$ cat input_39.cif   # mmCIF, C-alpha atoms
data_run
#
loop_
_atom_site.group_PDB
_atom_site.id
_atom_site.type_symbol
_atom_site.label_atom_id
_atom_site.label_comp_id
_atom_site.auth_asym_id
_atom_site.auth_seq_id
_atom_site.Cartn_x
_atom_site.Cartn_y
_atom_site.Cartn_z
ATOM 1 C CA MET T 28 4.208 50.442 15.733
ATOM 2 C CA SER T 29 1.970 52.593 17.960
ATOM 3 C CA ALA T 30 -0.579 51.303 20.424
ATOM 4 C CA PRO T 31 -4.152 50.826 19.154
ATOM 5 C CA SER T 32 -6.798 53.420 19.843
ATOM 6 C CA ILE T 33 -9.270 52.996 22.674
ATOM 7 C CA GLU T 34 -12.058 52.228 20.201
ATOM 8 C CA THR T 35 -9.961 49.582 18.467
ATOM 9 C CA ALA T 36 -8.914 48.001 21.760
ATOM 10 C CA GLN T 37 -12.525 47.902 22.949
ATOM 11 C CA ALA T 38 -13.505 46.055 19.771
ATOM 12 C CA TRP T 39 -10.805 43.461 20.502
ATOM 13 C CA GLN T 40 -12.441 42.368 23.773
ATOM 14 C CA GLY T 41 -13.683 38.805 23.372
ATOM 15 C CA ARG T 42 -11.436 38.085 20.397
ATOM 16 C CA THR T 43 -8.704 35.455 20.268
ATOM 17 C CA MET T 44 -5.104 36.589 20.653
ATOM 18 C CA VAL T 45 -2.461 34.681 18.671
ATOM 19 C CA ASP T 46 1.338 34.662 18.544
ATOM 20 C CA PRO T 47 3.444 35.277 15.371
ATOM 21 C CA ALA T 48 3.045 31.608 14.382
ATOM 22 C CA GLY T 49 -0.739 31.856 14.643
ATOM 23 C CA ASP T 50 -0.955 29.725 17.815
ATOM 24 C CA LYS T 51 -3.805 30.674 20.149
ATOM 25 C CA LEU T 52 -2.737 32.506 23.306
ATOM 26 C CA GLY T 53 -6.209 32.886 24.779
ATOM 27 C CA THR T 54 -9.228 35.178 24.829
ATOM 28 C CA ILE T 55 -8.911 38.932 25.453
ATOM 29 C CA ASP T 56 -10.909 39.667 28.605
ATOM 30 C CA ALA T 57 -10.024 43.253 29.540
ATOM 31 C CA ILE T 58 -8.031 46.249 28.312
ATOM 32 C CA TYR T 59 -5.780 48.224 30.736
ATOM 33 C CA LEU T 60 -5.122 51.894 29.936
ATOM 34 C CA ASP T 61 -2.157 54.070 30.843
ATOM 35 C CA ASP T 62 -3.321 56.581 33.472
ATOM 36 C CA GLU T 63 -1.166 59.372 31.978
ATOM 37 C CA THR T 64 -1.872 58.964 28.267
ATOM 38 C CA GLY T 65 -5.248 57.242 28.462
ATOM 39 C CA GLN T 66 -4.099 54.868 25.715
ATOM 40 C CA PRO T 67 -4.494 51.077 25.787
ATOM 41 C CA GLU T 68 -1.322 49.541 27.242
ATOM 42 C CA TRP T 69 -2.102 45.979 28.367
ATOM 43 C CA ALA T 70 -4.597 43.238 27.593
ATOM 44 C CA THR T 71 -5.483 40.387 29.913
ATOM 45 C CA VAL T 72 -5.662 37.067 28.082
ATOM 46 C CA THR T 73 -7.298 33.987 29.586
ATOM 47 C CA SER T 74 -6.458 30.474 28.444
ATOM 48 C CA GLY T 75 -7.531 27.047 29.640
ATOM 49 C CA LEU T 76 -10.900 25.833 30.815
ATOM 50 C CA PHE T 77 -11.132 24.795 34.472
ATOM 51 C CA ALA T 78 -7.646 25.768 35.649
ATOM 52 C CA ALA T 79 -7.782 28.992 33.652
ATOM 53 C CA LYS T 80 -4.704 31.243 33.594
ATOM 54 C CA THR T 81 -4.733 34.986 32.996
ATOM 55 C CA ALA T 82 -1.693 36.722 31.542
ATOM 56 C CA PHE T 83 -0.906 40.382 30.813
ATOM 57 C CA VAL T 84 0.278 41.068 27.233
ATOM 58 C CA PRO T 85 1.553 44.450 25.910
ATOM 59 C CA LEU T 86 -0.600 46.066 23.208
ATOM 60 C CA ALA T 87 2.078 48.385 21.782
ATOM 61 C CA GLN T 88 2.677 46.167 18.735
ATOM 62 C CA ALA T 89 -0.652 44.359 18.567
ATOM 63 C CA GLN T 90 -2.545 44.295 15.295
ATOM 64 C CA ALA T 91 -5.750 42.720 14.004
ATOM 65 C CA THR T 92 -5.386 39.757 11.651
ATOM 66 C CA GLY T 93 -8.798 38.667 10.450
ATOM 67 C CA ASP T 94 -10.905 37.793 13.488
ATOM 68 C CA SER T 95 -7.839 37.514 15.753
ATOM 69 C CA VAL T 96 -5.357 39.901 17.345
ATOM 70 C CA GLN T 97 -1.678 39.117 16.797
ATOM 71 C CA VAL T 98 1.190 40.139 19.082
ATOM 72 C CA PRO T 99 4.970 39.652 18.551
ATOM 73 C CA TYR T 100 5.336 37.315 21.553
ATOM 74 C CA ASP T 101 5.330 33.533 21.273
ATOM 75 C CA LYS T 102 3.049 31.287 23.294
ATOM 76 C CA GLN T 103 5.731 30.174 25.749
ATOM 77 C CA GLN T 104 6.725 33.753 26.578
ATOM 78 C CA VAL T 105 3.113 34.686 27.316
ATOM 79 C CA THR T 106 2.579 31.504 29.334
ATOM 80 C CA ASP T 107 5.691 32.261 31.434
ATOM 81 C CA ALA T 108 4.676 35.886 32.076
ATOM 82 C CA PRO T 109 4.610 36.920 35.778
ATOM 83 C CA SER T 110 1.244 36.300 37.427
ATOM 84 C CA MET T 111 -0.525 39.523 38.359
ATOM 85 C CA GLU T 112 -3.887 40.128 39.950
ATOM 86 C CA ALA T 113 -6.318 41.236 37.236
ATOM 87 C CA ASP T 114 -8.134 43.487 39.713
ATOM 88 C CA GLY T 115 -8.396 46.652 37.619
ATOM 89 C CA SER T 116 -4.951 48.212 38.090
ATOM 90 C CA LEU T 117 -1.237 47.513 37.847
ATOM 91 C CA SER T 118 1.326 49.030 40.177
ATOM 92 C CA GLN T 119 4.600 50.452 38.858
ATOM 93 C CA GLU T 120 6.404 47.461 40.313
ATOM 94 C CA ASP T 121 4.087 45.063 38.495
ATOM 95 C CA GLU T 122 4.489 46.969 35.248
ATOM 96 C CA ALA T 123 8.253 47.060 35.577
ATOM 97 C CA GLU T 124 8.356 43.288 36.087
ATOM 98 C CA LEU T 125 6.126 42.691 33.053
ATOM 99 C CA TYR T 126 8.178 45.045 30.884
ATOM 100 C CA ARG T 127 11.376 43.219 31.833
ATOM 101 C CA HIS T 128 9.767 39.889 30.996
ATOM 102 C CA TYR T 129 8.752 41.062 27.530
ATOM 103 C CA GLY T 130 12.131 42.787 26.931
ATOM 104 C CA LEU T 131 10.668 46.304 26.784
ATOM 105 C CA ASP T 132 12.051 49.542 28.230
ATOM 106 C CA TYR T 133 10.294 50.938 31.297
ATOM 107 C CA SER T 134 10.786 54.392 32.845
ATOM 108 C CA GLU T 135 9.933 55.154 36.472
ATOM 109 C CA HIS T 136 7.996 58.285 35.579
ATOM 110 C CA ARG T 137 5.366 56.089 33.940
ATOM 111 C CA SER T 138 2.244 56.018 36.096
ATOM 112 C CA ASP T 139 0.337 52.962 37.183
ATOM 113 C CA SER T 140 -1.938 51.452 34.556
ATOM 114 C CA GLY T 141 -5.493 50.609 35.362
ATOM 115 C CA LEU T 142 -8.994 50.079 34.117
ATOM 116 C CA PRO T 143 -10.631 53.530 34.136
ATOM 117 C CA ALA T 144 -13.624 54.388 36.220
ATOM 118 C CA GLY T 145 -15.562 55.999 33.375
ATOM 119 C CA THR T 146 -14.131 59.550 33.397
ATOM 120 C CA ALA T 147 -11.983 61.102 30.695
ATOM 121 C CA GLY T 148 -8.383 59.996 30.861
ATOM 122 C CA GLN T 149 -9.137 57.334 33.457
ATOM 123 C CA GLY T 150 -10.531 54.548 31.314
ATOM 124 C CA ILE T 151 -13.719 52.569 30.904
ATOM 125 C CA ASP T 152 -16.200 51.518 33.568
ATOM 126 C CA PRO T 153 -16.442 47.723 33.562
ATOM 127 C CA ARG T 154 -20.216 48.076 33.586
ATOM 128 C CA ASP T 155 -20.004 49.945 30.261
ATOM 129 C CA ARG T 156 -19.350 46.874 28.082
ATOM 130 C CA ASP T 157 -19.620 48.632 24.727
ATOM 131 C CA GLY T 158 -17.917 51.926 25.756
ATOM 132 C CA ASP T 159 -20.870 54.116 24.868
ATOM 133 C CA GLY T 160 -20.971 55.845 28.290
ATOM 134 C CA VAL T 161 -24.136 54.036 29.337
ATOM 135 C CA ASP T 162 -24.180 51.191 31.850
ATOM 136 C CA ASP T 163 -25.306 47.974 30.179
ATOM 137 C CA ASP T 164 -28.183 45.947 31.558
ATOM 138 C CA VAL T 165 -25.921 42.931 31.774
ATOM 139 C CA PRO T 166 -24.942 42.067 35.382
ATOM 140 C CA ASP T 167 -21.279 42.440 36.337
ATOM 141 C CA THR T 168 -20.968 38.662 36.364
ATOM 142 C CA ALA T 169 -20.963 38.738 32.543
ATOM 143 C CA VAL T 170 -17.298 39.176 31.573
ATOM 144 C CA GLY T 171 -16.245 40.808 28.295
ATOM 145 C CA ARG T 172 -18.460 40.551 25.275
ATOM 146 C CA ASP T 173 -19.789 37.924 22.952
ATOM 147 C CA THR T 174 -17.481 37.570 19.929
ATOM 148 C CA SER T 175 -20.548 37.630 17.660
ATOM 149 C CA GLY T 176 -21.830 40.948 19.042
ATOM 150 C CA PRO T 177 -22.585 42.854 22.245
ATOM 151 C CA THR T 178 -23.438 40.774 25.286
ATOM 152 C CA THR T 179 -27.194 40.775 25.808
ATOM 153 C CA ASP T 180 -27.774 38.363 28.681
ATOM 154 C CA GLN T 181 -26.058 35.782 30.876
ATOM 155 C CA ALA T 182 -26.469 32.910 28.404
ATOM 156 C CA MET T 183 -24.952 32.062 25.067
ATOM 157 C CA THR T 184 -26.322 29.756 22.411
ATOM 158 C CA ARG T 185 -24.291 26.690 21.481
ATOM 159 C CA SER T 186 -24.995 25.384 17.993
ATOM 160 C CA GLU T 187 -23.756 22.461 15.984
ATOM 161 C CA GLU T 188 -24.220 21.165 12.474
ATOM 162 C CA GLU T 189 -26.288 18.052 11.831
ATOM 163 C CA LEU T 190 -26.273 15.803 8.792
ATOM 164 C CA HIS T 191 -29.540 15.507 6.887
ATOM 165 C CA VAL T 192 -29.137 12.721 4.345
ATOM 166 C CA GLY T 193 -31.563 12.026 1.513
ATOM 167 C CA THR T 194 -31.431 10.475 -1.942
ATOM 168 C CA GLN T 195 -31.777 11.709 -5.476
ATOM 169 C CA THR T 196 -32.195 9.770 -8.711
ATOM 170 C CA ARG T 197 -29.576 10.024 -11.417
ATOM 171 C CA GLU T 198 -28.798 8.116 -14.595
ATOM 172 C CA ARG T 199 -26.163 5.442 -13.860
ATOM 173 C CA GLY T 200 -25.874 3.919 -17.360
ATOM 174 C CA ARG T 201 -27.778 2.348 -20.262
ATOM 175 C CA ALA T 202 -28.403 -1.213 -21.454
ATOM 176 C CA ARG T 203 -29.516 -2.230 -24.949
ATOM 177 C CA LEU T 204 -30.414 -5.393 -26.857
ATOM 178 C CA ARG T 205 -28.414 -6.137 -29.988
ATOM 179 C CA LYS T 206 -29.034 -9.093 -32.344
ATOM 180 C CA TYR T 207 -26.251 -10.522 -34.449
ATOM 181 C CA VAL T 208 -25.769 -13.644 -36.602
ATOM 182 C CA THR T 209 -23.312 -16.458 -35.854
ATOM 183 C CA THR T 210 -22.561 -19.586 -37.912
ATOM 184 C CA GLU T 211 -22.103 -23.054 -36.503
ATOM 185 C CA GLN T 212 -21.713 -26.531 -38.015
ATOM 186 C CA GLN T 213 -24.519 -29.013 -37.411
ATOM 187 C CA THR T 214 -24.411 -32.748 -38.265
ATOM 188 C CA VAL T 215 -27.654 -34.673 -38.783
ATOM 189 C CA THR T 216 -27.950 -38.397 -39.593
ATOM 190 C CA VAL T 217 -30.508 -39.093 -42.356
ATOM 191 C CA PRO T 218 -31.537 -42.655 -43.462
ATOM 192 C CA VAL T 219 -31.391 -43.084 -47.294
ATOM 193 C CA GLN T 220 -32.404 -46.031 -49.533
ATOM 194 C CA ARG T 221 -30.916 -47.384 -52.785
ATOM 195 C CA GLU T 222 -31.723 -50.180 -55.180
ATOM 196 C CA GLU T 223 -29.288 -53.006 -55.823
ATOM 197 C CA VAL T 224 -29.381 -55.807 -58.446
ATOM 198 C CA ARG T 225 -30.323 -59.271 -57.288
ATOM 199 C CA VAL T 226 -30.242 -62.293 -59.628
ATOM 200 C CA GLU T 227 -33.202 -64.623 -59.286
ATOM 201 C CA ARG T 228 -33.327 -68.080 -60.932
ATOM 202 C CA GLU T 229 -36.451 -70.128 -61.300
ATOM 203 C CA PRO T 230 -36.912 -73.630 -62.821
ATOM 204 C CA ILE T 231 -38.955 -74.200 -66.025
ATOM 205 C CA THR T 232 -42.402 -75.308 -65.153
ATOM 206 C CA ASP T 233 -45.661 -75.623 -66.938
ATOM 207 C CA ALA T 234 -46.489 -72.155 -65.674
ATOM 208 C CA ASN T 235 -43.548 -70.420 -67.349
ATOM 209 C CA LEU T 236 -42.881 -72.831 -70.261
ATOM 210 C CA ASP T 237 -44.608 -70.699 -72.857
ATOM 211 C CA ALA T 238 -42.650 -67.583 -71.827
ATOM 212 C CA ALA T 239 -39.417 -69.538 -71.780
ATOM 213 C CA THR T 240 -39.838 -70.994 -75.299
ATOM 214 C CA SER T 241 -41.314 -67.925 -76.965
ATOM 215 C CA GLY T 242 -38.019 -66.746 -78.416
ATOM 216 C CA PRO T 243 -35.332 -68.349 -80.523
ATOM 217 C CA ALA T 244 -33.872 -71.524 -79.218
ATOM 218 C CA ILE T 245 -30.327 -70.162 -79.180
ATOM 219 C CA SER T 246 -29.652 -66.394 -79.251
ATOM 220 C CA GLU T 247 -27.905 -63.483 -77.586
ATOM 221 C CA GLU T 248 -29.981 -61.143 -75.398
ATOM 222 C CA GLU T 249 -29.469 -58.160 -73.097
ATOM 223 C CA HIS T 250 -31.799 -56.965 -70.363
ATOM 224 C CA GLU T 251 -31.355 -53.621 -68.531
ATOM 225 C CA VAL T 252 -32.733 -52.639 -65.115
ATOM 226 C CA THR T 253 -32.771 -49.023 -63.814
ATOM 227 C CA LEU T 254 -31.490 -48.701 -60.238
ATOM 228 C CA HIS T 255 -32.663 -45.912 -57.899
ATOM 229 C CA GLU T 256 -31.277 -44.435 -54.687
ATOM 230 C CA GLU T 257 -32.155 -41.645 -52.238
ATOM 231 C CA GLU T 258 -29.788 -38.773 -51.445
ATOM 232 C CA PRO T 259 -29.961 -36.232 -48.634
ATOM 233 C CA VAL T 260 -31.495 -32.885 -49.493
ATOM 234 C CA VAL T 261 -30.791 -29.928 -47.113
ATOM 235 C CA GLU T 262 -33.255 -27.090 -46.820
ATOM 236 C CA LYS T 263 -32.912 -24.185 -44.316
ATOM 237 C CA ARG T 264 -35.717 -22.042 -43.009
ATOM 238 C CA ALA T 265 -35.902 -19.452 -40.167
ATOM 239 C CA VAL T 266 -37.960 -20.620 -37.207
ATOM 240 C CA PRO T 267 -38.958 -18.250 -34.315
ATOM 241 C CA LYS T 268 -37.573 -19.601 -31.015
ATOM 242 C CA GLU T 269 -38.174 -16.988 -28.250
ATOM 243 C CA ARG T 270 -38.951 -13.364 -27.466
ATOM 244 C CA VAL T 271 -36.365 -11.272 -25.546
ATOM 245 C CA ARG T 272 -36.996 -7.856 -23.973
ATOM 246 C CA LEU T 273 -35.334 -5.494 -21.467
ATOM 247 C CA ASP T 274 -36.944 -4.724 -18.124
ATOM 248 C CA THR T 275 -35.779 -3.041 -14.886
ATOM 249 C CA GLU T 276 -36.024 -4.015 -11.241
ATOM 250 C CA THR T 277 -35.224 -2.009 -8.090
ATOM 251 C CA VAL T 278 -32.505 -3.326 -5.777
ATOM 252 C CA THR T 279 -32.003 -1.809 -2.302
ATOM 253 C CA GLU T 280 -28.572 -1.711 -0.687
ATOM 254 C CA GLU T 281 -27.004 0.063 2.297
ATOM 255 C CA ARG T 282 -24.383 2.768 1.737
ATOM 256 C CA GLN T 283 -22.506 4.860 4.298
ATOM 257 C CA VAL T 284 -21.871 8.564 3.803
ATOM 258 C CA ALA T 285 -19.357 10.584 5.831
ATOM 259 C CA GLU T 286 -19.090 14.358 6.176
ATOM 260 C CA GLU T 287 -17.433 16.705 8.639
ATOM 261 C CA VAL T 288 -19.757 18.698 10.890
ATOM 262 C CA ARG T 289 -18.866 21.624 13.101
ATOM 263 C CA LYS T 290 -20.083 22.112 16.643
ATOM 264 C CA GLU T 291 -19.550 24.887 19.108
ATOM 265 C CA GLN T 292 -18.038 24.183 22.508
ATOM 266 C CA ILE T 293 -18.369 26.421 25.558
ATOM 267 C CA GLN T 294 -15.612 26.843 28.138
ATOM 268 C CA VAL T 295 -15.882 28.457 31.559
ATOM 269 C CA ASP T 296 -13.294 31.077 32.490
ATOM 270 C CA ASP T 297 -13.535 31.406 36.281
ATOM 271 C CA GLN T 298 -11.438 34.426 37.393
ATOM 272 C CA ASP T 299 -12.191 33.856 41.088
ATOM 273 C CA GLN T 300 -10.933 30.268 40.851
ATOM 274 C CA LEU T 301 -7.782 31.514 39.095
ATOM 275 C CA ARG T 302 -7.074 33.990 41.896
ATOM 276 C CA ARG T 303 -7.552 31.264 44.507
ATOM 277 C CA ASP T 304 -5.172 28.972 42.585
ATOM 278 C CA GLN T 305 -2.519 31.710 42.418
ATOM 279 C CA ARG T 306 -2.578 32.403 46.183
#
$ encode --input "input_39.cif" --output "structure tokens"
Amino acid sequence: MSAPSIETAQAWQGRTMVDPAGDKLGTIDAIYLDDETGQPEWATVTSGLFAAKTAFVPLAQAQATGDSVQVPYDKQQVTDAPSMEADGSLSQEDEAELYRHYGLDYSEHRSDSGLPAGTAGQGIDPRDRDGDGVDDDVPDTAVGRDTSGPTTDQAMTRSEEELHVGTQTRERGRARLRKYVTTEQQTVTVPVQREEVRVEREPITDANLDAATSGPAISEEEHEVTLHEEEPVVEKRAVPKERVRLDTETVTEERQVAEEVRKEQIQVDDQDQLRRDQR
């Protein structure tokens, strides 16, 4: 696989470099060109926040994968790479040591690699951030480029997502009234009356003598009395008891909602501090 073109390598500045497993190696800060061929040969990758470390990684087999740049070297190999001063050029001795570390062949006729000074075959002026041949207005303290576009000033905007929670009304169900008939046994005690025969005897007196002697002296007679009694009579009728209707009431309760939000974080890559730590 050949090395990327200068235009492609320039576009990679500010992107994340990853290893074959997709693990992050760091952010591409600068591209080093071969002084003989003028082609991109090395990329400096910075990882960490306060104790930032800069490593040189070969670009011969680098390729873009989405928003990242992937190289065939694992994270440990890049982390263990020899520490070199990222001061704009690499000596042949430095290059030879890096090539040996990455298991690549290196020939002595190869010239030193360096960041060009803006002339053909010598590379790109660090002040020309977008490679268009015109010095940018951004001071030299602004390193690389913003991953979302060309660097425009010394500040970047940090954004984060916020949750905005509201409510909406939806139908949660329905309730209805239904009337049905059931049967139950009721027992009621009712007082009832009946007539019974009672024999009454009275002596013969002047008051009843005429009635007593009005018939034959000796005879057979039969008197009949009709007896009466009451019996329970059941009558059923529908009687209204109550009115039933459906109504609604509003009940308020507390509910928790959870959602993931993204926020941007900003890290400081201090090259001067890194050089002081390496001395």
$ resolve_selection --input "input_39.cif" --expression "the PyMOL selection byres ((chain T and resi 37-46) around 8)" --output "PyMOL selection string"
chain T and resi 33-36+47-58+72+94-102+157-158+171-174
$ atom_distance --input "input_39.cif" --atom1 "CA of Gly200 in chain T" --atom2 "CA of Glu276 in chain T"
14.3 Å
$ closest_residue --input "input_39.cif" --among "T:Ala202, T:Ile245, T:Val266, T:Ala182" --to "Ile293 in chain T" --atoms "only C-alpha atoms"
T:Ala182
$ closest_residue --input "input_39.cif" --among "T:Gln88, T:Thr275, T:Thr214, T:Thr253" --to "Pro67 in chain T" --atoms "all atoms listed in the file"
T:Gln88
$ closest_residue --input "input_39.cif" --among "T:Val224, T:Val271, T:Ala234, T:Leu131" --to "His255 in chain T" --atoms "only C-alpha atoms"
T:Val224
$ axis_aligned_box --input "input_39.cif" --around "range 78-95 of chain T" --padding-each-side "4 Å" --output "AutoDock Vina command-line options"
--center_x -4.1 --center_y 37.1 --center_z 23.0 --size_x 21.6 --size_y 30.6 --size_z 33.2
$ residues_around --input "input_39.cif" --residues "range 258-263 of chain T" --least-positions-apart "2" --cutoff "9 Å" --atoms "all atoms listed in the file" --output "list in words"
Val217, Pro218, Val219, Gln220, Arg221, Glu256 and Ala265 of chain T
$ resolve_selection --input "input_39.cif" --expression "the PyMOL selection byres ((chain T and resi 113) around 9)" --output "ChimeraX atom specification"
/T:57,71,81-83,111-112,114-117,298,302
$ decode --input "input_39.cif" --residues "range 253-262 of chain T" --atoms "all heavy atoms" --output "PDB file, in the first residue's frame"
ATOM      1  N   THR T 253    -118.161 -21.522  59.535  1.00  0.00           N
ATOM      2  CA  THR T 253    -117.068 -21.329  58.553  1.00  0.00           C
ATOM      3  C   THR T 253    -115.868 -20.669  59.249  1.00  0.00           C
ATOM      4  O   THR T 253    -116.010 -19.621  59.883  1.00  0.00           O
ATOM      5  CB  THR T 253    -117.524 -20.448  57.384  1.00  0.00           C
ATOM      6  OG1 THR T 253    -118.657 -21.085  56.739  1.00  0.00           O
ATOM      7  CG2 THR T 253    -116.404 -20.258  56.388  1.00  0.00           C
ATOM      8  N   LEU T 254    -114.716 -21.328  59.117  1.00  0.00           N
ATOM      9  CA  LEU T 254    -113.474 -20.816  59.712  1.00  0.00           C
ATOM     10  C   LEU T 254    -112.648 -20.087  58.638  1.00  0.00           C
ATOM     11  O   LEU T 254    -112.573 -20.523  57.503  1.00  0.00           O
ATOM     12  CB  LEU T 254    -112.657 -21.951  60.312  1.00  0.00           C
ATOM     13  CG  LEU T 254    -113.373 -22.786  61.398  1.00  0.00           C
ATOM     14  CD1 LEU T 254    -112.458 -23.940  61.849  1.00  0.00           C
ATOM     15  CD2 LEU T 254    -113.750 -21.921  62.578  1.00  0.00           C
ATOM     16  N   HIS T 255    -111.992 -19.024  59.024  1.00  0.00           N
ATOM     17  CA  HIS T 255    -111.164 -18.230  58.099  1.00  0.00           C
ATOM     18  C   HIS T 255    -109.717 -18.146  58.612  1.00  0.00           C
ATOM     19  O   HIS T 255    -109.473 -18.239  59.813  1.00  0.00           O
ATOM     20  CB  HIS T 255    -111.727 -16.813  57.950  1.00  0.00           C
ATOM     21  CG  HIS T 255    -113.112 -16.778  57.364  1.00  0.00           C
ATOM     22  ND1 HIS T 255    -114.274 -16.885  58.133  1.00  0.00           N
ATOM     23  CD2 HIS T 255    -113.523 -16.623  56.071  1.00  0.00           C
ATOM     24  CE1 HIS T 255    -115.311 -16.806  57.365  1.00  0.00           C
ATOM     25  NE2 HIS T 255    -114.881 -16.641  56.076  1.00  0.00           N
ATOM     26  N   GLU T 256    -108.793 -17.971  57.689  1.00  0.00           N
ATOM     27  CA  GLU T 256    -107.396 -17.752  58.056  1.00  0.00           C
ATOM     28  C   GLU T 256    -106.722 -16.882  56.999  1.00  0.00           C
ATOM     29  O   GLU T 256    -107.152 -16.830  55.851  1.00  0.00           O
ATOM     30  CB  GLU T 256    -106.647 -19.074  58.212  1.00  0.00           C
ATOM     31  CG  GLU T 256    -106.462 -19.833  56.924  1.00  0.00           C
ATOM     32  CD  GLU T 256    -105.621 -21.086  57.107  1.00  0.00           C
ATOM     33  OE1 GLU T 256    -105.157 -21.339  58.235  1.00  0.00           O
ATOM     34  OE2 GLU T 256    -105.428 -21.804  56.099  1.00  0.00           O
ATOM     35  N   GLU T 257    -105.654 -16.199  57.396  1.00  0.00           N
ATOM     36  CA  GLU T 257    -104.856 -15.377  56.487  1.00  0.00           C
ATOM     37  C   GLU T 257    -103.670 -16.203  55.982  1.00  0.00           C
ATOM     38  O   GLU T 257    -103.140 -17.067  56.697  1.00  0.00           O
ATOM     39  CB  GLU T 257    -104.342 -14.122  57.192  1.00  0.00           C
ATOM     40  CG  GLU T 257    -105.447 -13.168  57.610  1.00  0.00           C
ATOM     41  CD  GLU T 257    -104.902 -11.973  58.365  1.00  0.00           C
ATOM     42  OE1 GLU T 257    -103.787 -12.081  58.943  1.00  0.00           O
ATOM     43  OE2 GLU T 257    -105.561 -10.926  58.383  1.00  0.00           O
ATOM     44  N   GLU T 258    -103.255 -15.925  54.752  1.00  0.00           N
ATOM     45  CA  GLU T 258    -102.058 -16.565  54.199  1.00  0.00           C
ATOM     46  C   GLU T 258    -101.178 -15.487  53.551  1.00  0.00           C
ATOM     47  O   GLU T 258    -101.678 -14.491  53.043  1.00  0.00           O
ATOM     48  CB  GLU T 258    -102.420 -17.638  53.179  1.00  0.00           C
ATOM     49  CG  GLU T 258    -103.162 -17.125  51.968  1.00  0.00           C
ATOM     50  CD  GLU T 258    -103.500 -18.232  50.984  1.00  0.00           C
ATOM     51  OE1 GLU T 258    -103.394 -19.426  51.335  1.00  0.00           O
ATOM     52  OE2 GLU T 258    -103.858 -17.887  49.839  1.00  0.00           O
ATOM     53  N   PRO T 259     -99.881 -15.705  53.587  1.00  0.00           N
ATOM     54  CA  PRO T 259     -98.979 -14.696  53.009  1.00  0.00           C
ATOM     55  C   PRO T 259     -99.160 -14.576  51.491  1.00  0.00           C
ATOM     56  O   PRO T 259     -99.331 -15.577  50.788  1.00  0.00           O
ATOM     57  CB  PRO T 259     -97.563 -15.212  53.340  1.00  0.00           C
ATOM     58  CG  PRO T 259     -97.784 -16.150  54.486  1.00  0.00           C
ATOM     59  CD  PRO T 259     -99.130 -16.776  54.255  1.00  0.00           C
ATOM     60  N   VAL T 260     -99.125 -13.378  51.025  1.00  0.00           N
ATOM     61  CA  VAL T 260     -99.206 -13.099  49.590  1.00  0.00           C
ATOM     62  C   VAL T 260     -97.959 -12.283  49.219  1.00  0.00           C
ATOM     63  O   VAL T 260     -97.721 -11.221  49.797  1.00  0.00           O
ATOM     64  CB  VAL T 260    -100.485 -12.337  49.240  1.00  0.00           C
ATOM     65  CG1 VAL T 260    -100.501 -11.985  47.751  1.00  0.00           C
ATOM     66  CG2 VAL T 260    -101.721 -13.156  49.593  1.00  0.00           C
ATOM     67  N   VAL T 261     -97.144 -12.780  48.262  1.00  0.00           N
ATOM     68  CA  VAL T 261     -95.902 -12.112  47.852  1.00  0.00           C
ATOM     69  C   VAL T 261     -96.134 -11.369  46.550  1.00  0.00           C
ATOM     70  O   VAL T 261     -96.610 -11.951  45.565  1.00  0.00           O
ATOM     71  CB  VAL T 261     -94.742 -13.117  47.703  1.00  0.00           C
ATOM     72  CG1 VAL T 261     -93.483 -12.398  47.237  1.00  0.00           C
ATOM     73  CG2 VAL T 261     -94.508 -13.848  49.011  1.00  0.00           C
ATOM     74  N   GLU T 262     -95.753 -10.121  46.556  1.00  0.00           N
ATOM     75  CA  GLU T 262     -95.834  -9.287  45.356  1.00  0.00           C
ATOM     76  C   GLU T 262     -94.490  -8.578  45.184  1.00  0.00           C
ATOM     77  O   GLU T 262     -93.922  -8.060  46.136  1.00  0.00           O
ATOM     78  CB  GLU T 262     -96.949  -8.262  45.492  1.00  0.00           C
ATOM     79  CG  GLU T 262     -97.076  -7.334  44.293  1.00  0.00           C
ATOM     80  CD  GLU T 262     -98.093  -6.225  44.529  1.00  0.00           C
ATOM     81  OE1 GLU T 262     -98.743  -6.238  45.587  1.00  0.00           O
ATOM     82  OE2 GLU T 262     -98.213  -5.353  43.656  1.00  0.00           O
TER      83      GLU T 262
END
